[in-house]
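Visitor: Next up is a structure, given as structure tokens.
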Amino acid sequence: MSWEPHTLTTRETVEPGPVAALSALFDDGAPAIGPGDPLPPLWHWLALARWPVSSVLGADGHPARGSFLPPVELPRRMFAGGEVAFHAPLAVGSTVRREARVESVTEKSGRSGRLVVVVVTIRLYDERDRLAVEERQDLIYREAGAVPEEAVPAGPAAALAPVDVPFAPVGEGVWRFATDPTLLMRFSAATSNPHRIHYDWPYATRVEGYPGLVVHGPLMTLALAEVLRLEGQNVPVARMRHRNRRPLFCGRPALLRRIDAATLGVFGEGDEPHSTLEIELGEGAGRA
């Protein structure tokens, strides 16, 4: 199948519905965001989520590759990280112009076998045609994990207790981050993310070989960004660099805490973070 990268240009509305959905999902007491308010950093992932038509979806729930994204055959897809620069605010309810393009496709060999790294760039322009957001997204495609000979039962997913609220302070600068299947399902719906590893236990365990439902990389990153709001951070953010280092599985205990003055991490078992977020503050960044 022949494929060439191309720029996809669309005009989209910063929808208030998904913004309200994320606020309800977090349920953390942070200030409400409504029409006319500026989006918090990274919330464009919700407010500008795109809904593909059902007929283009592949077996994993994502749109079949070979149109905008290259026809990579490896089954496991991971949002590995990226970088976002904030130049001007995006207001809830406003119209933006989005330009997206695949910049590179690189095949590599890693510890887990073959992988393909796809780099996508996105530029968002506000209603005054100012460049508001510049983003690089790193997508990684891997081979499927080993699936146990005996089918993994669905019981552990069904037995997970509701988390009440995902955020709870547990110490100075440390927050508990709790997940359950309902939280993952609601986040998938709010972000128009149909990837089955986040809500379909049999698919995640029996097809892709994970030990359970996978917590979304963007959810971990947004949780780290939310810590800034919960701490009352009011200095404009100029740039964020995020990296998802290893999967976090639904129901596993995790903490959000600072690694240093500019970096936050999601920590579970062990010293290696699941996800990190590096923040660069700038005088006047994100102001009109």
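Residue numbers start at 1 in each chain; chains themselves are named A, B, ... in the order of the structure tokens; ligands are numbered from 1 in the order shown.
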Tell me, as number ranges by chain, which residues lie within 10 Å of stretch 167-181 of chain A, counting only C-alpha atoms; anything in the same chain fewer than 2 positions away does not count.

Guide: A: 26-29, 157-165, 183-187, 198-201, 213-215, 220, 223-224, 226-227, 230-231, 248-258, 266-268

Visitor: For A:Glu83, please output as a VMD selection string all residues within 6 Å (counting only C-alpha atoms; exclusion window: fewer than 6 positions along the same chain).

Guide: chain A and resid 135 to 136 240 to 241

Visitor: With a distance cut-off of 12 Å and only C-alpha atoms, select the neighbouring residues of A:Arg97, excluding the residue or stretch itself and same-chain residues fewer than 2 positions from it, and output the selection as a PyMOL selection string.

Guide: chain A and resi 8-14+48+90+94-95+99-100+122-133

Visitor: Tell me, in Å to one decimal, how far atom CA of A:Ala88 is from atom CA of A:Ser192.

Guide: 25.0 Å

Visitor: From a backbone DSSP assignment, name each residue in stretch 41-84 of chain A labelled strand (DSSP E or B), as a list of chain:residue names.

Guide: A:Leu57, A:Pro63, A:Arg76, A:Arg77, A:Met78, A:Phe79, A:Ala80, A:Gly81, A:Gly82, A:Glu83, A:Val84

Visitor: For the residues in the current selection, export C-alpha atoms as a PDB file, in the first residue's frame.

Guide:
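File out.pdb, as written:
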ATOM      1  CA  LEU A  57     -11.875   1.645  12.946  1.00  0.00           C
ATOM      2  CA  PRO A  63      -8.663   4.215  13.001  1.00  0.00           C
ATOM      3  CA  ARG A  76       0.784  -2.439  20.100  1.00  0.00           C
ATOM      4  CA  ARG A  77       0.375   1.324  19.968  1.00  0.00           C
ATOM      5  CA  MET A  78       1.698   3.606  22.724  1.00  0.00           C
ATOM      6  CA  PHE A  79       1.531   7.372  23.140  1.00  0.00           C
ATOM      7  CA  ALA A  80       5.144   7.612  24.251  1.00  0.00           C
ATOM      8  CA  GLY A  81       5.402  11.331  24.926  1.00  0.00           C
ATOM      9  CA  GLY A  82       6.162  14.595  23.257  1.00  0.00           C
ATOM     10  CA  GLU A  83       6.552  18.325  23.751  1.00  0.00           C
ATOM     11  CA  VAL A  84       4.029  21.176  23.755  1.00  0.00           C
TER      12      VAL A  84
END

Visitor: Let me make sure I understand: among A:Ala189, A:Ala85, A:Ala91, A:Leu46, which one has the smallest atom-to-atom distance to A:Glu278 if we use only C-alpha atoms?

Guide: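 Checking each candidate against A:Glu278, we get A:Ala85 as the closest.
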
Visitor: Nearest residue to A:Pro89 out of A:Ala32, A:Leu69, A:Val19, A:Leu42, using only C-alpha atoms?

Guide: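 Among A:Ala32, A:Leu69, A:Val19, A:Leu42, it is A:Leu42 that comes nearest to A:Pro89.
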
Visitor: Residues at most 10 Å from A:Ser67, counting only C-alpha atoms, excluding those fewer than 3 positions away in the same chain, as a list in words?

Guide: Ser2, Trp3, Glu4, Pro5, His6, Val56, Pro63, Ala64, Pro70 and Pro71 of chain A

Visitor: How would the residues just picked look written out with N, CA, C and O atoms as a PDB file, in the first residue's frame?

Guide:
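Saved file selection.pdb follows:
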ATOM      1  N   SER A   2       0.705   2.121  -0.970  1.00  0.00           N
ATOM      2  CA  SER A   2       1.501   3.339  -1.029  1.00  0.00           C
ATOM      3  C   SER A   2       0.951   4.338  -0.028  1.00  0.00           C
ATOM      4  O   SER A   2      -0.256   4.472   0.157  1.00  0.00           O
ATOM      5  N   TRP A   3       1.874   5.055   0.619  1.00  0.00           N
ATOM      6  CA  TRP A   3       1.482   6.053   1.617  1.00  0.00           C
ATOM      7  C   TRP A   3       2.477   7.187   1.576  1.00  0.00           C
ATOM      8  O   TRP A   3       3.697   6.979   1.481  1.00  0.00           O
ATOM      9  N   GLU A   4       1.974   8.408   1.624  1.00  0.00           N
ATOM     10  CA  GLU A   4       2.812   9.595   1.665  1.00  0.00           C
ATOM     11  C   GLU A   4       2.322  10.507   2.783  1.00  0.00           C
ATOM     12  O   GLU A   4       1.109  10.680   2.967  1.00  0.00           O
ATOM     13  N   PRO A   5       3.233  11.108   3.561  1.00  0.00           N
ATOM     14  CA  PRO A   5       2.779  12.058   4.586  1.00  0.00           C
ATOM     15  C   PRO A   5       2.156  13.277   3.951  1.00  0.00           C
ATOM     16  O   PRO A   5       2.561  13.715   2.875  1.00  0.00           O
ATOM     17  N   HIS A   6       1.153  13.821   4.619  1.00  0.00           N
ATOM     18  CA  HIS A   6       0.487  15.012   4.104  1.00  0.00           C
ATOM     19  C   HIS A   6      -0.011  15.832   5.281  1.00  0.00           C
ATOM     20  O   HIS A   6      -0.193  15.316   6.389  1.00  0.00           O
ATOM     21  N   VAL A  56     -14.150   3.245   9.831  1.00  0.00           N
ATOM     22  CA  VAL A  56     -12.699   3.311   9.610  1.00  0.00           C
ATOM     23  C   VAL A  56     -11.906   2.694  10.753  1.00  0.00           C
ATOM     24  O   VAL A  56     -10.677   2.688  10.719  1.00  0.00           O
ATOM     25  N   PRO A  63      -8.469   4.164  14.454  1.00  0.00           N
ATOM     26  CA  PRO A  63      -8.663   4.215  13.001  1.00  0.00           C
ATOM     27  C   PRO A  63      -7.601   3.386  12.285  1.00  0.00           C
ATOM     28  O   PRO A  63      -6.432   3.378  12.680  1.00  0.00           O
ATOM     29  N   ALA A  64      -8.018   2.668  11.271  1.00  0.00           N
ATOM     30  CA  ALA A  64      -7.087   1.845  10.510  1.00  0.00           C
ATOM     31  C   ALA A  64      -5.979   2.717   9.940  1.00  0.00           C
ATOM     32  O   ALA A  64      -6.218   3.841   9.493  1.00  0.00           O
ATOM     33  N   PRO A  70       0.872   6.243   9.020  1.00  0.00           N
ATOM     34  CA  PRO A  70       1.424   5.249   8.100  1.00  0.00           C
ATOM     35  C   PRO A  70       0.878   3.857   8.385  1.00  0.00           C
ATOM     36  O   PRO A  70       0.437   3.553   9.501  1.00  0.00           O
ATOM     37  N   PRO A  71       0.909   2.960   7.395  1.00  0.00           N
ATOM     38  CA  PRO A  71       0.371   1.608   7.560  1.00  0.00           C
ATOM     39  C   PRO A  71       1.328   0.685   8.322  1.00  0.00           C
ATOM     40  O   PRO A  71       1.790  -0.342   7.804  1.00  0.00           O
TER      41      PRO A  71
END

Visitor: Can you list, as a PyMOL selection string, every protein, DNA or RNA residue that comes within 8 Å of A:Ala49 when you count only C-alpha atoms, leaving out same-chain residues fewer than 5 positions away?

Guide: chain A and resi 44+190-192

Visitor: Mind writing the picked residues with C-alpha atoms as an mmCIF file, in the first residue's frame?

Guide:
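As a result, out-v5.cif now contains:
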data_model
loop_
_atom_site.group_PDB
_atom_site.id
_atom_site.type_symbol
_atom_site.label_atom_id
_atom_site.label_comp_id
_atom_site.auth_asym_id
_atom_site.auth_seq_id
_atom_site.Cartn_x
_atom_site.Cartn_y
_atom_site.Cartn_z
ATOM 1 C CA HIS A 44 -6.831 20.731 24.181
ATOM 2 C CA ALA A 190 -14.109 12.243 26.856
ATOM 3 C CA THR A 191 -11.020 12.032 24.611
ATOM 4 C CA SER A 192 -12.627 9.962 21.817
#

Visitor: Residues within 7 Å of A:Arg245, please, as a PyMOL selection string. Count only C-alpha atoms; anything in the same chain fewer than 6 positions from it doesn't count.

Guide: chain A and resi 273-275

Visitor: What does the distance between atom CA of A:Gly145 and atom CA of A:Pro247 come to in Å, to one decimal place?

Guide: 12.8 Å

Visitor: Record the distance separating atom CA of A:Thr121 and atom CA of A:Leu74, expressed in Å with one decimal.

Guide: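 We find that atom CA of A:Thr121 and atom CA of A:Leu74 lie 21.4 Å from each other.
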
Visitor: Taking the DSSP secondary structure from the backbone, can you list the residues of stretch 59-261 of chain A that are alpha helix (DSSP H), as an NGL selection string?

Guide: :A and (155-159 or 181-191 or 201-202 or 217-230)
